[in-house]
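structure18.tsv follows; it contains TSV, N, CA and C atoms.
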chain	number	residue	atom	x	y	z
Z	1	MET	N	-153.60	124.72	-260.03
Z	1	MET	CA	-154.44	123.82	-260.79
Z	1	MET	C	-154.08	122.38	-260.41
Z	2	PRO	N	-155.08	121.53	-260.15
Z	2	PRO	CA	-154.80	120.13	-259.78
Z	2	PRO	C	-154.16	119.35	-260.93
Z	3	GLU	N	-153.37	118.39	-260.57
Z	3	GLU	CA	-152.75	117.51	-261.56
Z	3	GLU	C	-153.77	116.47	-262.04
Z	4	ALA	N	-153.55	115.91	-263.21
Z	4	ALA	CA	-154.48	114.94	-263.81
Z	4	ALA	C	-154.76	113.74	-262.91
Z	5	PRO	N	-153.75	113.12	-262.26
Z	5	PRO	CA	-154.06	111.96	-261.39
Z	5	PRO	C	-154.99	112.33	-260.25
Z	6	GLU	N	-154.83	113.55	-259.69
Z	6	GLU	CA	-155.71	113.98	-258.61
Z	6	GLU	C	-157.14	114.14	-259.12
Z	7	MET	N	-157.30	114.63	-260.32
Z	7	MET	CA	-158.62	114.82	-260.91
Z	7	MET	C	-159.29	113.47	-261.19
Z	8	GLU	N	-158.50	112.47	-261.55
Z	8	GLU	CA	-159.05	111.13	-261.76
Z	8	GLU	C	-159.64	110.56	-260.47
Z	9	VAL	N	-158.97	110.81	-259.36
Z	9	VAL	CA	-159.47	110.35	-258.06
Z	9	VAL	C	-160.79	111.03	-257.75
Z	10	VAL	N	-160.87	112.33	-257.98
Z	10	VAL	CA	-162.11	113.07	-257.74
Z	10	VAL	C	-163.21	112.56	-258.67
Z	11	LYS	N	-162.90	112.36	-259.93
Z	11	LYS	CA	-163.88	111.87	-260.91
Z	11	LYS	C	-164.42	110.50	-260.49
Z	12	ASP	N	-163.53	109.61	-260.08
Z	12	ASP	CA	-163.97	108.27	-259.66
Z	12	ASP	C	-164.85	108.34	-258.42
Z	13	TYR	N	-164.48	109.19	-257.47
Z	13	TYR	CA	-165.27	109.33	-256.25
Z	13	TYR	C	-166.67	109.85	-256.59
Z	14	LEU	N	-166.75	110.88	-257.41
Z	14	LEU	CA	-168.04	111.45	-257.77
Z	14	LEU	C	-168.89	110.43	-258.54
Z	15	ALA	N	-168.28	109.67	-259.43
Z	15	ALA	CA	-169.01	108.67	-260.20
Z	15	ALA	C	-169.61	107.60	-259.27
Z	16	GLN	N	-168.90	107.24	-258.24
Z	16	GLN	CA	-169.38	106.21	-257.31
Z	16	GLN	C	-170.41	106.74	-256.31
Z	17	ASN	N	-170.36	108.03	-256.01
Z	17	ASN	CA	-171.19	108.56	-254.93
Z	17	ASN	C	-172.30	109.51	-255.35
Z	18	LEU	N	-172.27	110.02	-256.57
Z	18	LEU	CA	-173.29	111.00	-256.97
Z	18	LEU	C	-174.24	110.51	-258.06
Z	19	VAL	N	-173.78	109.64	-258.94
Z	19	VAL	CA	-174.60	109.20	-260.07
Z	19	VAL	C	-175.92	108.63	-259.57
Z	20	GLY	N	-177.01	109.14	-260.11
Z	20	GLY	CA	-178.34	108.69	-259.74
Z	20	GLY	C	-179.00	109.53	-258.66
Z	21	ASN	N	-178.24	110.39	-258.01
Z	21	ASN	CA	-178.80	111.25	-256.97
Z	21	ASN	C	-179.36	112.53	-257.57
Z	22	GLU	N	-180.42	113.03	-256.95
Z	22	GLU	CA	-181.07	114.25	-257.41
Z	22	GLU	C	-180.56	115.45	-256.60
Z	23	VAL	N	-180.40	116.57	-257.28
Z	23	VAL	CA	-179.98	117.81	-256.62
Z	23	VAL	C	-181.19	118.39	-255.90
Z	24	SER	N	-181.09	118.56	-254.59
Z	24	SER	CA	-182.20	119.10	-253.81
Z	24	SER	C	-181.99	120.58	-253.47
Z	25	GLU	N	-180.73	121.01	-253.47
Z	25	GLU	CA	-180.44	122.43	-253.27
Z	25	GLU	C	-179.05	122.72	-253.82
Z	26	ALA	N	-178.79	123.99	-254.10
Z	26	ALA	CA	-177.50	124.39	-254.65
Z	26	ALA	C	-177.11	125.75	-254.09
Z	27	HIS	N	-175.83	125.89	-253.81
Z	27	HIS	CA	-175.29	127.15	-253.30
Z	27	HIS	C	-174.06	127.52	-254.11
Z	28	VAL	N	-173.98	128.74	-254.58
Z	28	VAL	CA	-172.81	129.21	-255.32
Z	28	VAL	C	-171.88	129.88	-254.31
Z	29	LEU	N	-170.72	129.26	-254.10
Z	29	LEU	CA	-169.77	129.77	-253.12
Z	29	LEU	C	-168.82	130.80	-253.71
Z	30	LYS	N	-168.52	130.67	-255.00
Z	30	LYS	CA	-167.62	131.62	-255.67
Z	30	LYS	C	-168.28	132.06	-256.97
Z	31	PRO	N	-169.11	133.09	-256.92
Z	31	PRO	CA	-169.83	133.55	-258.12
Z	31	PRO	C	-168.91	133.90	-259.29
Z	32	SER	N	-167.68	134.32	-259.02
Z	32	SER	CA	-166.77	134.70	-260.11
Z	32	SER	C	-166.46	133.52	-261.02
Z	33	VAL	N	-166.55	132.30	-260.51
Z	33	VAL	CA	-166.29	131.10	-261.32
Z	33	VAL	C	-167.37	130.95	-262.40
Z	34	LEU	N	-168.57	131.42	-262.11
Z	34	LEU	CA	-169.71	131.26	-263.02
Z	34	LEU	C	-170.05	132.53	-263.78
Z	35	LYS	N	-169.13	133.47	-263.88
Z	35	LYS	CA	-169.45	134.76	-264.47
Z	35	LYS	C	-169.91	134.67	-265.93
Z	36	LEU	N	-169.56	133.62	-266.65
Z	36	LEU	CA	-169.98	133.47	-268.04
Z	36	LEU	C	-171.28	132.69	-268.18
Z	37	PHE	N	-171.78	132.13	-267.07
Z	37	PHE	CA	-172.99	131.32	-267.10
Z	37	PHE	C	-174.22	132.22	-267.27
Z	38	GLN	N	-175.08	131.86	-268.19
Z	38	GLN	CA	-176.32	132.60	-268.41
Z	38	GLN	C	-177.43	131.98	-267.58
Z	39	GLY	N	-178.15	132.77	-266.83
Z	39	GLY	CA	-179.27	132.26	-266.05
Z	39	GLY	C	-178.90	132.06	-264.59
Z	40	ASP	N	-179.82	131.46	-263.85
Z	40	ASP	CA	-179.64	131.23	-262.42
Z	40	ASP	C	-179.31	129.76	-262.20
Z	41	ILE	N	-178.05	129.45	-261.97
Z	41	ILE	CA	-177.62	128.06	-261.85
Z	41	ILE	C	-178.29	127.36	-260.68
Z	42	GLN	N	-178.56	128.09	-259.61
Z	42	GLN	CA	-179.19	127.46	-258.46
Z	42	GLN	C	-180.57	126.94	-258.82
Z	43	ASP	N	-181.37	127.74	-259.51
Z	43	ASP	CA	-182.71	127.30	-259.92
Z	43	ASP	C	-182.63	126.20	-260.98
Z	44	ASP	N	-181.65	126.31	-261.88
Z	44	ASP	CA	-181.53	125.33	-262.97
Z	44	ASP	C	-181.06	123.96	-262.48
Z	45	MET	N	-180.32	123.90	-261.38
Z	45	MET	CA	-179.76	122.64	-260.88
Z	45	MET	C	-180.78	121.81	-260.10
Z	46	ILE	N	-181.64	122.49	-259.34
Z	46	ILE	CA	-182.56	121.78	-258.44
Z	46	ILE	C	-183.49	120.89	-259.24
Z	47	GLY	N	-183.57	119.62	-258.83
Z	47	GLY	CA	-184.41	118.64	-259.49
Z	47	GLY	C	-183.71	117.82	-260.55
Z	48	ARG	N	-182.50	118.20	-260.92
Z	48	ARG	CA	-181.75	117.43	-261.91
Z	48	ARG	C	-181.08	116.24	-261.23
Z	49	THR	N	-180.78	115.23	-262.04
Z	49	THR	CA	-180.14	114.01	-261.53
Z	49	THR	C	-178.73	113.90	-262.12
Z	50	PHE	N	-177.76	113.52	-261.28
Z	50	PHE	CA	-176.41	113.31	-261.76
Z	50	PHE	C	-176.35	112.06	-262.62
Z	51	THR	N	-175.70	112.17	-263.77
Z	51	THR	CA	-175.49	111.03	-264.67
Z	51	THR	C	-173.99	110.91	-264.96
Z	52	LYS	N	-173.61	109.79	-265.45
Z	52	LYS	CA	-172.19	109.57	-265.76
Z	52	LYS	C	-171.88	110.07	-267.13
Would it be possible to restate this file's structure as structure tokens?
Amino acid sequence: MPEAPEMEVVKDYLAQNLVGNEVSEAHVLKPSVLKLFQGDIQDDMIGRTFTK
């Protein structure tokens, strides 16, 4: 599991580079991570915009 300072770096990078961008496609690389998710995340993500 990553340490908190490492996660802050990732959070800051994503906030600077993703906010305002629209999801045009999505791929699930590890389905086991989403085993509790209801629905099709790939279809649900497309067209959404990243917000802070």
| field | Pick from Z:Ala4, Z:Val10, Z:Met45, Z:Leu36 nearest to Z:Glu22, counting all atoms listed in the file | value |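 Smallest distance to Z:Glu22 is found for Z:Met45.
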| Picked from chain Z by DSSP as helix (DSSP H, G or I), as a list in words |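 Helix (DSSP H, G or I) assignments inside chain Z correspond to Ala4, Pro5, Glu6, Met7, Glu8, Val9, Val10, Lys11, Asp12, Tyr13, Leu14, Ala15, Gln16, Asn17, Pro31, Ser32, Val33, Leu34, Ile41, Gln42, Asp43, Asp44 and Met45 of chain Z.
In this model, the gap between atom CA of Z:His27 and atom CA of Z:Leu14 comes to 17.9 Å.
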| task | Please indicate the distance in Å from atom CA of Z:Gly47 to atom N of Z:Val9, rounded to one decimal place. | result | 26.6 Å
| said: Can you measure atom N of Z:Ile46 to atom CA of Z:Leu18 for me? One decimal in Å is fine. | reply: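 Separation of atom N of Z:Ile46 and atom CA of Z:Leu18: 14.4 Å.
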| said: Show me, as number ranges by chain, the residues that have an atom within 8 Å of Z:Val28 when counting all atoms listed in the file, minus same-chain residues fewer than 4 positions from it. | reply: Z: 32, 41-42
| task | Counting only C-alpha atoms, find the residues whose atoms lie at most 8 Å from (-177.7, 113.1, -260.1) (file coordinates) and write them out as JSON, numbers by chain. | result | {"Z": [18, 19, 20, 21, 22, 23, 48, 49, 50, 51]}
Written file, previous selection with N, CA and C atoms, as a CSV table (one decimal), in the coordinates of the input:
chain,number,residue,atom,x,y,z
Z,18,LEU,N,-172.3,110.0,-256.6
Z,18,LEU,CA,-173.3,111.0,-257.0
Z,18,LEU,C,-174.2,110.5,-258.1
Z,19,VAL,N,-173.8,109.6,-258.9
Z,19,VAL,CA,-174.6,109.2,-260.1
Z,19,VAL,C,-175.9,108.6,-259.6
Z,20,GLY,N,-177.0,109.1,-260.1
Z,20,GLY,CA,-178.3,108.7,-259.7
Z,20,GLY,C,-179.0,109.5,-258.7
Z,21,ASN,N,-178.2,110.4,-258.0
Z,21,ASN,CA,-178.8,111.2,-257.0
Z,21,ASN,C,-179.4,112.5,-257.6
Z,22,GLU,N,-180.4,113.0,-257.0
Z,22,GLU,CA,-181.1,114.2,-257.4
Z,22,GLU,C,-180.6,115.4,-256.6
Z,23,VAL,N,-180.4,116.6,-257.3
Z,23,VAL,CA,-180.0,117.8,-256.6
Z,23,VAL,C,-181.2,118.4,-255.9
Z,48,ARG,N,-182.5,118.2,-260.9
Z,48,ARG,CA,-181.8,117.4,-261.9
Z,48,ARG,C,-181.1,116.2,-261.2
Z,49,THR,N,-180.8,115.2,-262.0
Z,49,THR,CA,-180.1,114.0,-261.5
Z,49,THR,C,-178.7,113.9,-262.1
Z,50,PHE,N,-177.8,113.5,-261.3
Z,50,PHE,CA,-176.4,113.3,-261.8
Z,50,PHE,C,-176.4,112.1,-262.6
Z,51,THR,N,-175.7,112.2,-263.8
Z,51,THR,CA,-175.5,111.0,-264.7
Z,51,THR,C,-174.0,110.9,-265.0
